[in-house]
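Have a look at start26.cif; it's mmCIF, C-alpha atoms and all ligand atoms:
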```
data_work
#
loop_
_atom_site.label_atom_id
_atom_site.label_comp_id
_atom_site.auth_asym_id
_atom_site.auth_seq_id
_atom_site.Cartn_x
_atom_site.Cartn_y
_atom_site.Cartn_z
CA MET T 1 119.57 83.53 103.28
CA LEU T 2 118.53 81.98 99.96
CA LYS T 3 121.12 81.69 97.19
CA GLN T 4 119.02 83.99 95.01
CA GLU T 5 118.86 86.63 97.74
CA ILE T 6 122.63 86.56 98.13
CA GLU T 7 123.06 86.89 94.37
CA ASP T 8 120.51 89.71 94.23
CA GLY T 9 122.36 91.40 97.05
CA GLN T 10 125.63 91.18 95.13
CA ALA T 11 123.98 92.34 91.96
CA SER T 12 122.60 95.40 93.74
CA LEU T 13 126.16 96.42 94.73
CA ALA T 14 127.00 96.88 91.04
CA ASP T 15 127.22 100.30 89.42
CA PRO T 16 123.66 101.07 88.23
CA GLN T 17 125.06 102.65 85.06
CA PHE T 18 126.98 99.42 84.32
CA ARG T 19 123.78 97.39 84.73
CA ALA T 20 121.81 99.80 82.52
CA ASP T 21 124.49 99.85 79.79
CA VAL T 22 124.74 96.03 79.74
CA LEU T 23 120.99 95.36 79.81
CA THR T 24 120.26 97.88 77.05
CA GLY T 25 123.43 96.99 75.09
CA LEU T 26 122.56 93.31 74.92
CA VAL T 27 119.30 94.04 73.11
CA LEU T 28 120.66 96.64 70.66
CA ALA T 29 120.98 95.60 67.02
CA PRO T 30 123.91 95.12 66.70
CA ARG T 31 124.61 94.40 70.37
CA ALA T 32 127.15 96.78 71.94
CA ILE T 33 128.53 97.60 75.40
CA PRO T 34 130.61 100.77 76.00
CA ALA T 35 134.38 100.21 76.31
CA ARG T 36 134.63 102.11 79.60
CA TRP T 37 133.34 98.99 81.41
CA PHE T 38 136.52 97.02 80.59
CA TYR T 39 138.31 98.66 83.48
CA ASP T 40 137.53 96.82 86.68
CA ARG T 41 140.62 95.83 88.68
CA ARG T 42 141.32 92.76 86.51
CA GLY T 43 140.65 94.72 83.32
CA SER T 44 143.04 97.49 84.39
CA GLU T 45 145.74 94.89 85.10
CA LEU T 46 145.18 93.29 81.70
CA PHE T 47 145.38 96.70 80.02
CA GLU T 48 148.72 97.36 81.77
CA ALA T 49 149.90 93.98 80.37
CA ILE T 50 148.73 95.02 76.87
CA THR T 51 150.93 98.13 77.01
CA ASP T 52 154.00 95.84 77.38
CA LEU T 53 153.13 93.60 74.40
CA PRO T 54 155.51 93.63 71.41
CA GLU T 55 152.55 94.20 69.04
CA TYR T 56 151.04 97.10 71.05
CA TYR T 57 153.19 100.01 69.82
CA PRO T 58 151.16 103.05 71.12
CA THR T 59 152.34 103.23 74.74
CA ARG T 60 156.05 102.81 74.14
CA THR T 61 155.95 105.06 71.06
CA GLU T 62 154.21 107.84 72.98
CA ILE T 63 156.69 107.62 75.87
CA ASP T 64 159.60 107.84 73.38
CA ILE T 65 158.04 110.89 71.68
CA LEU T 66 157.53 112.54 75.07
CA ALA T 67 161.19 112.03 75.96
CA ALA T 68 162.35 113.32 72.56
CA CYS T 69 160.18 116.47 72.55
CA SER T 70 160.72 117.46 76.17
CA ASP T 71 162.94 120.52 75.44
CA ALA T 72 160.57 121.82 72.76
CA LEU T 73 157.64 121.26 75.06
CA ALA T 74 159.36 122.95 78.01
CA ALA T 75 159.86 126.04 75.84
CA ARG T 76 156.07 126.23 75.24
CA VAL T 77 154.89 125.80 78.85
CA PRO T 78 154.64 128.99 80.93
CA ALA T 79 156.38 129.10 84.32
CA GLY T 80 154.27 128.18 87.36
CA ALA T 81 151.78 126.14 85.34
CA ALA T 82 149.38 123.48 86.57
CA VAL T 83 149.33 120.18 84.66
CA VAL T 84 145.80 118.70 84.59
CA GLU T 85 145.71 115.04 83.52
CA PHE T 86 142.38 113.67 82.26
CA GLY T 87 141.81 110.01 83.19
CA SER T 88 145.16 109.66 84.93
CA GLY T 89 144.69 105.93 85.75
CA SER T 90 148.03 104.62 86.97
CA SER T 91 149.83 107.80 85.72
CA THR T 92 152.56 105.88 83.82
CA LYS T 93 153.34 108.71 81.39
CA THR T 94 153.16 111.46 83.99
CA PRO T 95 156.80 111.45 85.20
CA ALA T 96 158.12 112.07 81.67
CA LEU T 97 155.71 115.01 81.24
CA LEU T 98 156.40 116.52 84.68
CA ARG T 99 160.15 116.35 84.08
CA ALA T 100 159.70 118.24 80.81
CA ALA T 101 157.03 120.79 81.81
CA LYS T 102 158.32 121.47 85.38
CA PRO T 103 154.89 122.67 86.57
CA ALA T 104 154.08 124.15 90.00
CA ALA T 105 151.07 121.84 90.45
CA TYR T 106 149.67 118.56 89.17
CA VAL T 107 145.94 117.76 89.12
CA PRO T 108 145.22 114.12 88.19
CA ILE T 109 141.55 113.51 87.38
CA ASP T 110 140.07 110.02 87.50
CA ILE T 111 136.71 108.40 88.08
CA SER T 112 138.26 105.64 90.22
CA GLY T 113 139.11 107.17 93.61
CA ASP T 114 141.32 104.27 94.79
CA PHE T 115 143.56 104.33 91.75
CA LEU T 116 143.64 108.13 91.88
CA ARG T 117 144.85 108.42 95.48
CA GLU T 118 147.49 105.68 94.99
CA SER T 119 149.00 107.28 91.89
CA ALA T 120 148.75 110.83 93.31
CA ALA T 121 150.76 109.70 96.35
CA THR T 122 153.39 108.07 94.11
CA VAL T 123 153.78 111.24 92.03
CA ALA T 124 153.93 113.44 95.17
CA ARG T 125 156.79 111.31 96.55
CA ALA T 126 158.74 111.40 93.27
CA PHE T 127 158.23 115.17 92.75
CA PRO T 128 158.40 116.88 96.16
CA ASP T 129 158.44 120.38 94.55
CA ILE T 130 155.14 119.89 92.76
CA ALA T 131 151.82 120.43 94.61
CA VAL T 132 149.61 117.41 93.86
CA ALA T 133 145.84 117.99 94.06
CA PRO T 134 143.87 114.92 92.88
CA LEU T 135 140.32 115.42 91.64
CA GLU T 136 137.86 112.50 91.67
CA GLY T 137 135.33 112.88 88.88
CA ASP T 138 134.11 112.19 85.38
CA PHE T 139 136.15 114.29 82.94
CA MET T 140 133.54 113.76 80.22
CA ARG T 141 131.78 116.72 81.85
CA PRO T 142 133.21 120.19 82.64
CA LEU T 143 134.84 120.12 86.10
CA LYS T 144 135.67 122.79 88.65
CA LEU T 145 139.43 122.61 89.27
CA PRO T 146 140.83 122.88 92.83
CA ALA T 147 140.95 126.51 94.04
CA ALA T 148 144.74 126.24 94.59
CA VAL T 149 145.36 126.10 90.83
CA ALA T 150 142.70 128.64 89.79
CA ASP T 151 145.19 131.41 88.94
CA MET T 152 147.89 129.22 87.37
CA PRO T 153 148.34 128.78 83.59
CA LYS T 154 146.93 125.36 82.66
CA LEU T 155 148.38 122.51 80.61
CA GLY T 156 145.87 119.70 80.00
CA PHE T 157 147.33 116.24 79.36
CA PHE T 158 145.31 113.54 77.61
CA PRO T 159 147.69 110.79 76.49
CA GLY T 160 147.22 107.27 75.17
CA SER T 161 144.88 108.07 72.26
CA THR T 162 142.00 107.54 74.68
CA ILE T 163 140.07 110.06 72.53
CA GLY T 164 140.00 107.27 69.92
CA ASN T 165 137.39 105.37 71.94
CA MET T 166 134.86 108.05 70.94
CA GLY T 167 133.31 108.79 67.59
CA ALA T 168 133.62 112.28 66.10
CA ALA T 169 130.64 113.76 67.97
CA GLY T 170 131.73 112.38 71.35
CA ALA T 171 135.35 113.43 70.80
CA VAL T 172 134.29 117.00 69.97
CA ASP T 173 132.07 117.15 73.07
CA LEU T 174 134.95 115.92 75.22
CA LEU T 175 137.43 118.44 73.77
CA ARG T 176 134.90 121.21 74.42
CA SER T 177 134.35 120.18 78.02
CA MET T 178 138.13 120.03 78.57
CA ARG T 179 138.30 123.57 77.21
CA ALA T 180 135.54 124.60 79.61
CA SER T 181 137.38 122.96 82.56
CA LEU T 182 140.78 124.49 81.71
CA GLY T 183 139.66 127.93 80.49
CA GLU T 184 140.64 130.37 77.76
CA GLY T 185 144.34 130.43 76.91
CA ALA T 186 145.03 126.94 78.31
CA LEU T 187 147.26 124.43 76.52
CA LEU T 188 146.37 120.81 75.82
CA LEU T 189 148.86 118.03 75.04
CA ILE T 190 146.97 115.13 73.48
CA GLY T 191 148.15 111.75 72.18
CA ILE T 192 146.47 110.58 68.97
CA ASP T 193 147.14 107.29 67.16
CA ARG T 194 147.70 107.49 63.41
CA ILE T 195 146.00 105.59 60.59
CA LYS T 196 148.43 102.93 59.39
CA SER T 197 148.51 99.51 57.74
CA PRO T 198 146.01 96.96 59.09
CA ASP T 199 149.01 94.59 59.13
CA VAL T 200 150.28 96.65 62.08
CA LEU T 201 146.95 97.73 63.56
CA VAL T 202 145.18 94.38 63.75
CA PRO T 203 147.95 92.48 65.61
CA ALA T 204 148.15 95.40 68.09
CA TYR T 205 144.57 94.49 69.06
CA ASP T 206 144.87 90.72 68.54
CA ASP T 207 148.22 89.75 70.01
CA ALA T 208 149.84 86.33 69.76
CA ALA T 209 149.90 85.83 73.55
CA GLY T 210 146.13 86.38 73.80
CA VAL T 211 146.28 89.19 76.36
CA THR T 212 143.89 91.42 74.39
CA ALA T 213 141.53 88.46 74.02
CA ALA T 214 141.58 88.01 77.81
CA PHE T 215 140.99 91.77 78.26
CA ASN T 216 137.94 91.65 75.96
CA LEU T 217 136.55 88.42 77.49
CA ASN T 218 137.00 89.82 81.01
CA LEU T 219 134.01 92.06 80.28
CA LEU T 220 131.83 88.92 80.24
CA GLU T 221 133.44 87.69 83.48
CA ARG T 222 132.74 91.09 85.03
CA ILE T 223 129.08 90.89 83.95
CA ASN T 224 128.86 87.43 85.54
CA ARG T 225 130.56 88.66 88.75
CA GLU T 226 128.84 91.98 89.24
CA LEU T 227 125.45 91.56 87.54
CA GLY T 228 124.67 87.98 88.48
CA GLY T 229 125.29 86.82 84.90
CA THR T 230 125.35 83.21 83.68
CA ILE T 231 127.23 83.86 80.42
CA PRO T 232 129.23 80.79 79.26
CA VAL T 233 132.46 82.72 78.62
CA ASP T 234 134.07 79.72 76.86
CA ALA T 235 131.39 80.03 74.15
CA PHE T 236 132.80 83.43 73.07
CA ARG T 237 135.88 84.45 71.17
CA HIS T 238 137.75 87.72 70.73
CA ARG T 239 137.60 89.43 67.33
CA ALA T 240 139.57 92.52 66.25
CA LEU T 241 139.03 94.05 62.81
CA TRP T 242 139.99 97.18 60.90
CA ASN T 243 136.96 99.16 59.66
CA ASP T 244 138.58 101.13 56.85
CA ASP T 245 135.48 103.21 56.08
CA ARG T 246 135.30 104.50 59.66
CA ALA T 247 139.11 104.46 60.20
CA ARG T 248 138.85 102.44 63.36
CA ILE T 249 139.79 99.17 65.00
CA GLU T 250 136.70 97.40 66.33
CA MET T 251 136.69 94.75 69.00
CA HIS T 252 133.84 92.27 69.24
CA LEU T 253 132.95 89.18 71.25
CA GLU T 254 131.61 86.47 68.96
CA ALA T 255 129.43 83.57 70.09
CA THR T 256 131.01 80.35 68.78
CA ARG T 257 127.76 78.38 69.29
CA ASP T 258 124.12 79.14 70.07
CA VAL T 259 123.97 80.39 73.66
CA ALA T 260 121.29 81.26 76.20
CA PHE T 261 122.08 83.05 79.43
CA ALA T 262 120.72 85.43 82.03
CA VAL T 263 121.94 88.79 83.31
CA ASP T 264 120.31 90.32 86.40
CA GLY T 265 117.55 87.71 86.04
CA ARG T 266 116.75 88.60 82.44
CA PRO T 267 117.07 86.00 79.65
CA PHE T 268 119.17 86.54 76.50
CA ALA T 269 119.92 84.31 73.51
CA MET T 270 122.57 84.61 70.81
CA ALA T 271 123.05 82.48 67.70
CA ALA T 272 126.48 81.14 66.71
CA GLY T 273 128.39 83.90 64.88
CA GLU T 274 126.49 86.77 66.54
CA THR T 275 128.66 89.41 68.21
CA ILE T 276 128.73 91.99 70.97
CA HIS T 277 130.60 95.14 69.88
CA THR T 278 132.83 96.14 72.80
CA GLU T 279 135.24 98.83 71.57
CA ASN T 280 136.13 101.30 68.85
CA SER T 281 139.63 102.70 68.58
CA HIS T 282 139.56 105.50 66.00
CA LYS T 283 142.77 106.44 64.16
CA TYR T 284 143.53 109.81 62.58
CA GLY T 285 145.62 111.12 59.72
CA PRO T 286 147.59 114.34 60.45
CA ARG T 287 144.94 116.66 59.00
CA ASP T 288 142.07 114.66 60.52
CA ALA T 289 143.59 115.09 63.96
CA ARG T 290 144.01 118.85 63.58
CA LEU T 291 140.48 119.23 62.21
CA LEU T 292 139.14 117.31 65.22
CA LEU T 293 141.00 119.61 67.62
CA ARG T 294 139.71 122.75 65.87
CA ALA T 295 136.14 121.41 65.97
CA GLY T 296 136.63 120.96 69.73
CA GLY T 297 137.72 124.58 70.21
CA TRP T 298 141.50 124.03 70.22
CA THR T 299 144.10 125.54 67.88
CA PRO T 300 147.03 123.20 67.15
CA VAL T 301 150.37 124.95 67.80
CA GLU T 302 153.00 122.21 67.50
CA GLU T 303 153.14 118.45 67.04
CA TRP T 304 155.64 115.69 67.49
CA THR T 305 155.73 112.15 66.08
CA ASP T 306 158.06 109.16 66.03
CA THR T 307 160.24 108.49 62.96
CA GLY T 308 157.69 106.00 61.60
CA ASP T 309 154.83 108.52 62.10
CA ASN T 310 152.94 105.85 64.04
CA PHE T 311 151.66 108.13 66.80
CA ALA T 312 151.35 111.88 67.37
CA LEU T 313 151.55 114.17 70.38
CA ILE T 314 149.78 117.41 69.55
CA LEU T 315 150.00 120.64 71.56
CA ALA T 316 146.99 122.91 71.13
CA GLU T 317 145.80 126.20 72.61
CA ALA T 318 142.31 127.16 73.78
C1 LIG N 401 143.14 102.85 76.18
C2 LIG N 401 141.49 103.20 74.52
C3 LIG N 401 143.73 103.89 74.12
O1 LIG N 401 142.25 101.84 72.04
O2 LIG N 401 144.35 101.33 72.07
C4 LIG N 401 144.01 98.48 73.91
C5 LIG N 401 142.42 100.38 74.67
N1 LIG N 401 141.90 98.12 73.74
N2 LIG N 401 143.82 97.25 73.41
C6 LIG N 401 143.29 101.55 72.65
C7 LIG N 401 142.78 99.03 74.12
C8 LIG N 401 142.55 97.03 73.31
C9 LIG N 401 143.26 101.51 74.17
N3 LIG N 401 142.89 102.84 74.75
#
```
Could you spell out this file's structure in structure tokens?
Amino acid sequence: MLKQEIEDGQASLADPQFRADVLTGLVLAPRAIPARWFYDRRGSELFEAITDLPEYYPTRTEIDILAACSDALAARVPAGAAVVEFGSGSSTKTPALLRAAKPAAYVPIDISGDFLRESAATVARAFPDIAVAPLEGDFMRPLKLPAAVADMPKLGFFPGSTIGNMGAAGAVDLLRSMRASLGEGALLLIGIDRIKSPDVLVPAYDDAAGVTAAFNLNLLERINRELGGTIPVDAFRHRALWNDDRARIEMHLEATRDVAFAVDGRPFAMAAGETIHTENSHKYGPRDARLLLRAGGWTPVEEWTDTGDNFALILAEA
């Protein structure tokens, strides 16, 4: 087989949506690729490493809040409930929630089937009294929950401020489809990162050890691996900046010299200083967050924060 045929063969194994998003994103002005494509195996490992960084406060702050509010939360959750986790990934925050909410069932939802089955099995072993019913799918759209939980009260769980990756319109759409999946009267516990000083925010996305830089640059490696790309990764650098007008951290990949490369056989050129926009992480003030929830069809009922008000866990009702 010719080298090109082998490469074409590999390229054709890639997710067609990934290829489409990269090929269209590289010709947008400004260039942009959706953040969801960070999470191949290597990207997921790098994200786990980010959550342990001293500068990356959200994960540890949210876990502390969850531990501190567990009695108050338990008092709000009806008996015999089903916890439905959107984008469960490696389910790191799940044990703290399950200990507090003591549900009858747990439904982790994730797009990555491998990850999903692994973490569902881990949770099932640790909580033998809870029925675990994993659901493989894209939670951006309304989903039909497993029949076994149909008649149980629902508690949706959407931690990590993942909603911050979306702009206002996308976040409202997502909240509405969660409401459609969970039904009238359901509860939703959602983690939302607060607006705070750029002196805290920027280092959280541009750490001294360079893990976030590696996470961002891995997107280019993934394009090279899966889409037959020839991007010179060493000609790019990680940039993280606070966009105060839009209340968001932005991550970009900046070309440090003029570069020419191919992806899937198509040629691209970038001048030194040009960027590819790879992620937005929107932050919300207390009222902003509640307004967002209301726009998405959810009524806030209680919220918990850390002493520094760095991060919020909000409980809302459909
Ligand atoms: C997983 C989207 C919540 O925005 O803080 C962390 C992703 N990117 N460091 C975030 C991320 C760079 C993270 N979310």
Which one of T:Ser281, T:Ser181, T:Thr230, T:Thr59 sits closest to Ile195 in chain T if you count all atoms listed in the file? T:Ser281
Using only C-alpha atoms and all ligand atoms, find the one residue out of T:Asn218, T:Thr51, T:Gln17, T:Thr122 that sits nearest to ligand LIG 401 (chain N).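 Once distances to ligand LIG 401 (chain N) are computed over only C-alpha atoms and all ligand atoms, the minimum belongs to T:Thr51.
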For ligand LIG 401 (chain N), collect every residue having any atom at a distance of at most 10 Å from a ligand atom (counting all atoms listed in the file); output as a PyMOL selection string. chain T and resi 35-36+38-39+44+46-51+56-59+159-166+191-193+201+204-207+211-213+215-216+240+248-251+278-283
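Among the candidates T:Leu219, T:Ala269, T:Ala312, T:Val263, the residue lying nearest to Pro286 in chain T is T:Ala312 (atoms considered: all atoms listed in the file).
Nearest residue to Phe139 in chain T, choosing from T:Ala96, T:Val27, T:Ile109, T:Leu187 and counting only C-alpha atoms: T:Ile109.
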Could you tell me how far CA of Gly89 in chain T sits from CA of Ser119 in chain T, in Å to one decimal place?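 Taking CA of Ser119 in chain T as the start and CA of Gly89 in chain T as the end point, the length is 7.6 Å.
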Just the number, please: distance in Å from CA of Ala72 in chain T to CA of Pro146 in chain T, one decimal. 28.2 Å
Two-atom distance - CA of Val172 in chain T, CA of Leu292 in chain T (Å):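 Going from CA of Val172 in chain T over to CA of Leu292 in chain T covers 6.8 Å.
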Using all atoms listed in the file, which of the listed residues (T:Leu73, T:Ala255, T:Leu293, T:Ala79) sits closest to Thr275 in chain T? T:Ala255
Can you tell me, as a PyMOL selection string, what residues are no more than 10 Å from Ala260 in chain T when counting all atoms listed in the file, ignoring any on the same chain fewer than 3 positions away? chain T and resi 230-232+257+267-271
Would you pick out the contacts of Leu313 in chain T at 7 Å or less, using all atoms listed in the file, so that residues sharing its chain but fewer than 6 positions from it are not included, and give the list as a VMD selection string? chain T and resid 189 to 192 303 to 305
Using only C-alpha atoms, pick whichever of T:Pro30, T:Gly297, T:Pro108, T:Gly156 has the shortest atom-to-atom distance to Leu315 in chain T. T:Gly156
Show me, as a tab-separated table, the residues of range 45-91 of chain T having an atom within 12 Å of range 112-116 of chain T, each with the closest atom pair and its distance in Å, using only C-alpha atoms.
```
residue	atom	partner	partner_atom	distance
T:Glu45	CA	T:Phe115	CA	11.8
T:Glu85	CA	T:Leu116	CA	11.0
T:Phe86	CA	T:Leu116	CA	11.2
T:Gly87	CA	T:Ser112	CA	9.0
T:Ser88	CA	T:Leu116	CA	7.3
T:Gly89	CA	T:Phe115	CA	6.3
T:Ser90	CA	T:Phe115	CA	6.6
T:Ser91	CA	T:Leu116	CA	8.7
```
Write out as an NGL selection string each polymer residue whose atoms come within 9 Å of Ala101 in chain T, counting all atoms listed in the file; drop sequence neighbours fewer than 4 positions from it. :T and (70-71 or 73-79 or 81 or 83 or 96-97 or 155)
Kindly output range 26-56 of chain T as a compact mmCIF listing (two decimals), in the frame of the given file, after building N, CA and C atoms.
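Now in selection.txt:
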```
# COMPACT_ATOMS: atom_id res chain seq x y z
N LEU T 26 122.75 94.69 75.37
CA LEU T 26 122.56 93.31 74.92
C LEU T 26 121.32 93.14 74.05
N VAL T 27 120.46 94.16 74.00
CA VAL T 27 119.30 94.04 73.11
C VAL T 27 119.38 95.03 71.94
N LEU T 28 120.47 95.78 71.84
CA LEU T 28 120.66 96.64 70.66
C LEU T 28 120.89 95.76 69.43
N ALA T 29 120.64 96.31 68.25
CA ALA T 29 120.98 95.60 67.02
C ALA T 29 121.90 96.50 66.19
N PRO T 30 123.20 96.21 66.06
CA PRO T 30 123.91 95.12 66.70
C PRO T 30 124.16 95.38 68.19
N ARG T 31 124.35 94.30 68.92
CA ARG T 31 124.61 94.40 70.37
C ARG T 31 125.93 95.14 70.62
N ALA T 32 125.95 96.00 71.65
CA ALA T 32 127.15 96.78 71.94
C ALA T 32 127.17 97.22 73.39
N ILE T 33 128.35 97.15 74.01
CA ILE T 33 128.53 97.60 75.40
C ILE T 33 129.69 98.59 75.40
N PRO T 34 129.54 99.77 76.04
CA PRO T 34 130.61 100.77 76.00
C PRO T 34 131.93 100.27 76.59
N ALA T 35 133.04 100.68 75.94
CA ALA T 35 134.38 100.21 76.31
C ALA T 35 134.81 100.62 77.72
N ARG T 36 134.19 101.65 78.27
CA ARG T 36 134.63 102.11 79.60
C ARG T 36 134.45 101.02 80.66
N TRP T 37 133.59 100.03 80.41
CA TRP T 37 133.34 98.99 81.41
C TRP T 37 134.38 97.88 81.42
N PHE T 38 135.39 97.97 80.55
CA PHE T 38 136.52 97.02 80.59
C PHE T 38 137.29 97.14 81.90
N TYR T 39 137.29 98.34 82.49
CA TYR T 39 138.31 98.66 83.48
C TYR T 39 137.90 98.43 84.93
N ASP T 40 137.55 97.18 85.26
CA ASP T 40 137.53 96.82 86.68
C ASP T 40 138.99 96.53 87.06
N ARG T 41 139.23 96.03 88.27
CA ARG T 41 140.62 95.83 88.68
C ARG T 41 141.36 94.89 87.72
N ARG T 42 140.71 93.74 87.42
CA ARG T 42 141.32 92.76 86.51
C ARG T 42 141.54 93.36 85.12
N GLY T 43 140.54 94.10 84.64
CA GLY T 43 140.65 94.72 83.32
C GLY T 43 141.78 95.74 83.27
N SER T 44 141.95 96.50 84.35
CA SER T 44 143.04 97.49 84.39
C SER T 44 144.39 96.80 84.39
N GLU T 45 144.49 95.66 85.11
CA GLU T 45 145.74 94.89 85.10
C GLU T 45 146.03 94.34 83.71
N LEU T 46 144.99 93.83 83.06
CA LEU T 46 145.18 93.29 81.70
C LEU T 46 145.57 94.41 80.73
N PHE T 47 144.98 95.60 80.91
CA PHE T 47 145.38 96.70 80.02
C PHE T 47 146.85 97.07 80.24
N GLU T 48 147.29 97.11 81.50
CA GLU T 48 148.72 97.36 81.77
C GLU T 48 149.59 96.33 81.05
N ALA T 49 149.15 95.05 81.06
CA ALA T 49 149.90 93.98 80.37
C ALA T 49 149.91 94.21 78.86
N ILE T 50 148.79 94.72 78.32
CA ILE T 50 148.73 95.02 76.87
C ILE T 50 149.81 96.03 76.50
N THR T 51 149.99 97.05 77.36
CA THR T 51 150.93 98.13 77.01
C THR T 51 152.38 97.63 76.94
N ASP T 52 152.65 96.44 77.47
CA ASP T 52 154.00 95.84 77.38
C ASP T 52 154.15 94.87 76.21
N LEU T 53 153.07 94.58 75.48
CA LEU T 53 153.13 93.60 74.40
C LEU T 53 153.99 94.10 73.24
N PRO T 54 154.74 93.20 72.58
CA PRO T 54 155.51 93.63 71.41
C PRO T 54 154.64 94.23 70.30
N GLU T 55 153.41 93.71 70.14
CA GLU T 55 152.55 94.20 69.04
C GLU T 55 151.90 95.54 69.36
N TYR T 56 151.77 95.87 70.68
CA TYR T 56 151.04 97.10 71.05
C TYR T 56 152.02 98.27 71.11
```
